[in-house]
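K.L.:
Shown below is the structure under consideration.
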Number of protein chains: 2
Amino acid sequence: MDPEEFRSAAHALVDWIADHRERIPDLPVLSRVEPGDVARALPADPPTARESIDDLLDDLDRIVVPGLTQVQHPMHFGWFPANASLASILGDLASGGLGALGITWQSAPALSELEEVVCEWMRALTGLPQGWTGAIHDTASTACLVALLAARERASGYSEARGGLQAEPAPLVVYASPHAHSSVPKATLLAGFGRDNLRLVEVDPVTYAMRPDALRAAIEADVAAGRRPAAVVVSVGTTGTTAVDPLARLAEIAAAHGVWVHVDAAMAGSALLLPEYRWLVDGVERADSLSWNPHKWMGTALDCSLLYVRDAEHLVRVMSTNPSYLRSAVDGEVTQFKDLGIPLGRRFRALKLWFHLRLDGVAAIQDRLRRDLANAAWFTEQVHGEPGWRVLAPVPLQTVCVRHEPAGLVGDDGTILDGEALDRHTLAWLDSINRSGKAFLTASVLDGRWMVRVSVGVEGTEREHVASLWELMRTAATTAP
Amino acid sequence: MDPEEFRSAAHALVDWIADHRERIPDLPVLSRVEPGDVARALPADPPTARESIDDLLDDLDRIVVPGLTQVQHPMHFGWFPANASLASILGDLASGGLGALGITWQSAPALSELEEVVCEWMRALTGLPQGWTGAIHDTASTACLVALLAARERASGYSEARGGLQAEPAPLVVYASPHAHSSVPKATLLAGFGRDNLRLVEVDPVTYAMRPDALRAAIEADVAAGRRPAAVVVSVGTTGTTAVDPLARLAEIAAAHGVWVHVDAAMAGSALLLPEYRWLVDGVERADSLSWNPHKWMGTALDCSLLYVRDAEHLVRVMSTNPSYLRSAVDGEVTQFKDLGIPLGRRFRALKLWFHLRLDGVAAIQDRLRRDLANAAWFTEQVHGEPGWRVLAPVPLQTVCVRHEPAGLVGDDGTILDGEALDRHTLAWLDSINRSGKAFLTASVLDGRWMVRVSVGVEGTEREHVASLWELMRTAATTAP
C-alpha cells in the first residue's frame, strides 16, 4: 500500500471510527456472540489477492463490532474502566505512521527521549519521588514481573550471573495480599520463586487491606526458618474491592529487613493525578518500584503501563544486554530503554501519552476523574439508603462492591442464612442486566460469596448513566429468582 | 476529545502521515541529533490546558522526525528491516478506534477469535505443523522468555507449584549458539536458570551454525554431571550473519534427552512465507515452540511477534490464572489469550495482521520478499567480484556480511595482518556513510573483528538503492583512513 492509497483508506477508516464512537451508546454493552461465532464468520484461508478498505470496514461492522463487549460504552461498569481516549489514539496513529524502531537510543533518539520526558511529566503529575526512573510497559503484569525480577536479583546478590535461583542456598520469599491482582502470584511463579515461597498475608476483615502486624510476623517467621524475605507487593487499589494496603507502615517493616517494596497501583494510579488522593501512596519514598496503568481509568489507549523504579542502575544491571550489533558511540550517555524491561524492540508508545496530555490537557483529565469519584460516592449513598442492599467494602476510589441481600437469605444482623441461594440470586440479577445489553457489571468473590462490582469511570459515563444503572439493578434484583 | 474533534484532527494527521511517508527518501537515514537534543526541545512541565493538533503536527516536524533514524528509508540497510506497512497501520488504527479490552474471551470475543484465525492463517502460510497454537506477543524477547519458562516448567515437573527453581535438586541447563540473539541469554537469566547453566555451544567456523556433535557432547557432559538439560534454543537466522542452526539434527539430539526445542526465527520467519525457503525449519515438527516477527521483514508494524507452541495445554498450565473477577460462563470452551503469555490485557493486535494480509494480499508480500532476496544475491555477487572486498559468511537470506580488506591490513591468503587497524578502517568507512545521511548500515563483531552487515529488505528498497549503496561503500572505503 503506497502513501496515496493509505491517505484515501485512512480517511475512510477515520470517518468509520468517529461514527463508531458516536454510536457506541446505542450498542449492547455485553457482546452477544457465542463461542466460535466470530471464527466461523471468517474465511479459513488467508487472502492471496488484495482486498479493499470497503471490504474491511464492512467486516468491522458485520463481524468485529458485534463481537466486542463495548467497554467504551457509558453503561459499562465492569472490571475496571479501560478508556481509550481519542486523543491518545491519535498519538498511537502517529507512532505507526512514523514507523520508528525503538531498539537503542541511536535507532530512535526521539522515541527514547520523549519517553523519558513524558515519564517525568507523569511522575511529577502523580507526585512520585524525584529521581525515580520511569518506562512504559505493555501491562502491569509485565511491570510486576520486572519488579519481582529486580527484587530477586537484589536479594540474591545478582544470582543470574551465577547459578541463578537454582544455586541459591536459601529460598527467597515474596509477600502479597490475598486480594492482590492475579498477575502478582503469576509473576512470582514466573520469576521462579515458587508457590511455596509466596506468602499471602492476612488482611483486615473490614478494609481488606494488608495487616502490617501480619506482614511483620510472616517476615520474622521466614527469617527464623532461614529463608530470605525478598519482596513485598503492596496493592494500592485491589481488583476486587480497591482496598488500599497501608504502604507507609508496610514499607517501614520491609525496610527493616531490606525487602524490595513494589507498589501495584495499576488502577488507583490514575487517582494520583489528583493531589487530594496522594495519601493513597503515603510512604512511597521508601518503596523501590511502583506501576500503574494510564490505559485504565485515565484513558491512554491500551497498552500503556508505567513502571517507576528508585534505583535504575540496579534494574539496568538485571536487564541489560550489549551485543556488538547494537553498540554505538553514545552508549553510556543515553537511556537505553531495552535495559529497563524485557523486550528489545518497542513501539513509540510515548506518543500516546504525549498526545493525550496535550490534546486533552491535564486539567480536563482531572475534572473527569473527579466527576467519576463524585458519581461513585453518589451511587454508594443510594445503595446505603436502600433497604435490602449492602455496600460490602470501603469505597476509596470509584468502584463500589454491592450485594442485594433479601430477607430470608440474609438475617437482620447481616448473617448469611443461605449462602448458596444468595450466590444464585446475585449471579441471576447480574446476568439479567448483562444479557439485556443495557449495562455491564462484573462479579467477584469476597469472603467466599459472590458480590457485584460497580466500577465507575468510562469517559462517557455521566451521573444519568449511574442513576440509570441503579434503576436497572433494583429492578433486576427484585425480579430475579 | 469527542468524535467530531477526533474526525477533524485524525484527517489532518492522516494527511501528515501520508506526506511524511512520501518524503522519507529525502530525509537523512541516520538521525543527526545529539544526546539530549530532543529532551531539551520539550517543555519540562506537562500541559495543563488543551493544545491543538496543529501544535502537535508542528512538533512532529520540528522535534520528532529529525530525532528518528528513518528505518522506512529505502537506503536503510542496518540491523534488520523493520517495515511498518501502511496496511497494517490501518489495522492498528482500527484497534485503537474500537477501544477493545482483551483480558478474557468475554471482554472481547472478536479479539480472541480473530487472533486465533489470523495465527492459524500465518501458521499455514509459513508451513508450520498443524495443531500448533499461536499467539501474538510484543517482541521475540518476550516470546523467547515465555518459551524458556514453558521449558523450565516441563523439565522441572511444574516446580512453580512447589518451591520454584529454588527447591530443585539439580540445575536445569539451557543450550544456545554463541551467535544467538541477545534476548536468548537475557531470557535464560530472567527465567532464573543462571549464567552458569547457559551453554554456548560451538558453531561451525564457516557457516556459524551450531554443531550437532557439540550439542550432543554438551548435553551428555551435563547429564553425566547430574545436571538436567532443559532447553535448546535453535537460531534460524542469527542476528550477526543470519546463520541457520541445523534444526532437524539438533531437534533429534534434544528429543533423545526430552529437551524442549525453541526455534528463534525472529528475522527468518518472514522467509517461511516462501515455500522454497521452508528448508530453513526442516525438522520443526520435532520442536516445541517457534517464534518469528511479522514486524520485521514482512512489515506488520511493531509490535507483532508470533509464538507457536506444540503443546498449548502445557503452556496454559504454566501461565494461567483464574481469579473470580475474570470468570465467565464460557470458560473452558474458549481460548483465553491471557493464559498463553505474560500480560493479562492485550490490544487488538490481530487487526494489524488481518489488515496487512487483506489490504496488501499475500501474493504481493511474497513478491516483495523475493525481490529482496534477489537484491541481496545481486549485491553478494558484486562484492564477490570486487578485489579487496570479502563476503564473510554464507548468505541464506537477505543480509550480507562484508568487509573491505585492503592489502597491507589483510594478506593475499586472507590472514589479518593488523586487526586493530582493520577494525578502525571498517568503522571509519561505515561511519562516513552513516554520517552522510545517504544510507545507514550497522556493524557487528565476527570472529573478534568488526564487519558490516548489509541487511536488505525495506519495503521501498529497489535494486537501484542497493546499487547506490554499493557505490557509496566503495567510495567510502577507498577514501577512509
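A note on labels: chains of the C-alpha cells are A, B, ... as shown, every chain counts residues from 1, and ligands are counted from 1 in their shown order.
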Write out as a ChimeraX atom specification all residues of range 67-241 of chain A that DSSP puts in strand (DSSP E) for this structure's backbone.
P.N.:
/A:133-137,172-176,198-200,228-235
K.L.:
Within 10 Å of Ile365 in chain A, counting only C-alpha atoms, which residues show up once you throw out same-chain ones fewer than 3 positions away? Write them as a CSV table (one decimal) with N, CA, C and O atoms, in the first residue's frame, please.
P.N.:
```csv
chain,number,residue,atom,x,y,z
A,270,SER,N,-4.3,6.3,38.5
A,270,SER,CA,-4.9,7.5,37.9
A,270,SER,C,-5.4,8.5,38.9
A,270,SER,O,-5.3,9.7,38.7
A,273,LEU,N,-3.3,11.6,40.0
A,273,LEU,CA,-3.3,12.8,39.3
A,273,LEU,C,-4.0,13.9,40.1
A,273,LEU,O,-3.9,15.1,39.8
A,274,LEU,N,-4.7,13.5,41.1
A,274,LEU,CA,-5.5,14.4,41.9
A,274,LEU,C,-4.7,14.6,43.3
A,274,LEU,O,-4.6,13.6,44.0
A,297,TRP,N,-8.3,3.9,33.9
A,297,TRP,CA,-9.2,5.0,34.1
A,297,TRP,C,-8.8,6.3,33.4
A,297,TRP,O,-9.6,7.0,32.8
A,298,MET,N,-7.5,6.6,33.5
A,298,MET,CA,-7.0,7.8,32.9
A,298,MET,C,-7.3,7.9,31.4
A,298,MET,O,-7.7,8.9,30.8
A,299,GLY,N,-7.2,6.7,30.7
A,299,GLY,CA,-7.7,6.7,29.3
A,299,GLY,C,-6.7,6.7,28.2
A,299,GLY,O,-7.1,6.9,27.1
A,356,HIS,N,-2.2,12.5,24.3
A,356,HIS,CA,-3.3,12.5,25.3
A,356,HIS,C,-3.2,13.7,26.2
A,356,HIS,O,-4.2,14.5,26.4
A,357,LEU,N,-2.1,13.9,26.8
A,357,LEU,CA,-1.9,15.0,27.7
A,357,LEU,C,-2.1,16.4,27.0
A,357,LEU,O,-2.7,17.3,27.6
A,360,ASP,N,-5.9,16.7,25.2
A,360,ASP,CA,-7.0,16.8,26.2
A,360,ASP,C,-6.6,17.8,27.3
A,360,ASP,O,-7.5,18.5,27.8
A,361,GLY,N,-5.4,17.9,27.7
A,361,GLY,CA,-4.9,18.8,28.8
A,361,GLY,C,-5.2,18.1,30.1
A,361,GLY,O,-6.2,17.4,30.3
A,362,VAL,N,-4.2,18.3,31.0
A,362,VAL,CA,-4.3,17.7,32.3
A,362,VAL,C,-5.5,18.1,33.1
A,362,VAL,O,-6.2,17.3,33.8
A,368,ARG,N,-12.5,15.1,34.9
A,368,ARG,CA,-13.2,13.9,34.6
A,368,ARG,C,-13.0,12.9,35.7
A,368,ARG,O,-14.0,12.2,36.1
A,369,LEU,N,-11.8,12.7,36.2
A,369,LEU,CA,-11.6,11.8,37.3
A,369,LEU,C,-12.4,12.2,38.6
A,369,LEU,O,-13.0,11.3,39.2
A,370,ARG,N,-12.5,13.5,38.8
A,370,ARG,CA,-13.3,14.0,40.0
A,370,ARG,C,-14.8,13.7,39.8
A,370,ARG,O,-15.5,13.4,40.7
A,371,ARG,N,-15.2,13.9,38.5
A,371,ARG,CA,-16.6,13.6,38.2
A,371,ARG,C,-16.9,12.1,38.6
A,371,ARG,O,-17.9,11.8,39.2
A,459,GLU,N,-15.2,7.2,30.1
A,459,GLU,CA,-15.1,8.6,29.7
A,459,GLU,C,-16.5,9.2,29.5
A,459,GLU,O,-16.8,10.3,29.9
B,48,THR,N,-1.2,21.9,31.1
B,48,THR,CA,-2.5,21.9,31.9
B,48,THR,C,-3.7,22.1,30.9
B,48,THR,O,-4.6,21.3,31.1
B,49,ALA,N,-3.6,23.0,30.0
B,49,ALA,CA,-4.7,23.2,29.1
B,49,ALA,C,-4.5,22.5,27.8
B,49,ALA,O,-3.4,22.0,27.4
```
K.L.:
Give the answer as one residue: which of B:Ser85, B:Gln382, B:Thr426, B:Ser8 has the shortest atom-to-atom distance to Arg403 in chain B, using only C-alpha atoms?
P.N.:
B:Thr426
K.L.:
For Gly240 in chain A, find every residue with an atom within 9 Å (counting only C-alpha atoms), except residues of its own chain fewer than 3 positions away, and show them as a PyMOL selection string.
P.N.:
(chain A and resi 79+179-181+237+243+399+401+443-446+453) or (chain B and resi 324-325)
K.L.:
May I ask for the distance between CA of Leu373 in chain B and CA of Ala301 in chain B, given in Å to one decimal place?
P.N.:
20.8 Å
K.L.:
Quick one: residues within 7 Å of Ser52 in chain A, only C-alpha atoms counted, chain neighbours fewer than 3 positions away excluded, as a list in words?
P.N.:
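Final neighbour list, sorted by chain and number: Asp55 and Leu56 of chain A; Leu359 of chain B.
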K.L.:
Would you mind exporting the chosen residues as a short mmCIF file (atom, residue, chain, number, x, y, z; two decimals), in the first residue's frame, restricted to all heavy atoms?
P.N.:
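Once everything was written out, this is part31.cif:
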```cif
data_model
loop_
_atom_site.label_atom_id
_atom_site.label_comp_id
_atom_site.auth_asym_id
_atom_site.auth_seq_id
_atom_site.Cartn_x
_atom_site.Cartn_y
_atom_site.Cartn_z
N ASP A 55 -14.19 -3.53 1.98
CA ASP A 55 -14.42 -4.89 2.48
C ASP A 55 -14.08 -4.97 3.97
O ASP A 55 -14.79 -5.61 4.75
CB ASP A 55 -13.54 -5.90 1.73
CG ASP A 55 -13.98 -6.08 0.28
OD1 ASP A 55 -15.12 -5.70 -0.04
OD2 ASP A 55 -13.16 -6.58 -0.52
N LEU A 56 -12.96 -4.36 4.30
CA LEU A 56 -12.54 -4.41 5.71
C LEU A 56 -13.53 -3.68 6.60
O LEU A 56 -13.90 -4.19 7.67
CB LEU A 56 -11.15 -3.77 5.85
CG LEU A 56 -9.91 -4.65 5.76
CD1 LEU A 56 -9.84 -5.63 6.93
CD2 LEU A 56 -9.82 -5.41 4.46
N LEU B 359 -5.28 -6.14 2.88
CA LEU B 359 -5.14 -4.94 2.05
C LEU B 359 -3.95 -5.04 1.10
O LEU B 359 -3.97 -4.46 0.01
CB LEU B 359 -5.01 -3.69 2.92
CG LEU B 359 -6.28 -3.31 3.69
CD1 LEU B 359 -6.02 -2.16 4.63
CD2 LEU B 359 -7.43 -2.94 2.73
#
```
K.L.:
By how many Å are CA of Ala476 in chain A and CA of Gly411 in chain A apart?
P.N.:
21.1 Å
K.L.:
Between A:Ser468, A:Thr238, A:Thr442, A:Asn293, which is the closest to chain B once you count only C-alpha atoms?
P.N.:
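For chain B, the nearest of the candidates is A:Thr442.
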K.L.:
What is the CA of Arg327 in chain B to CA of Leu344 in chain B distance in Å?
P.N.:
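A separation of 13.4 Å between them.
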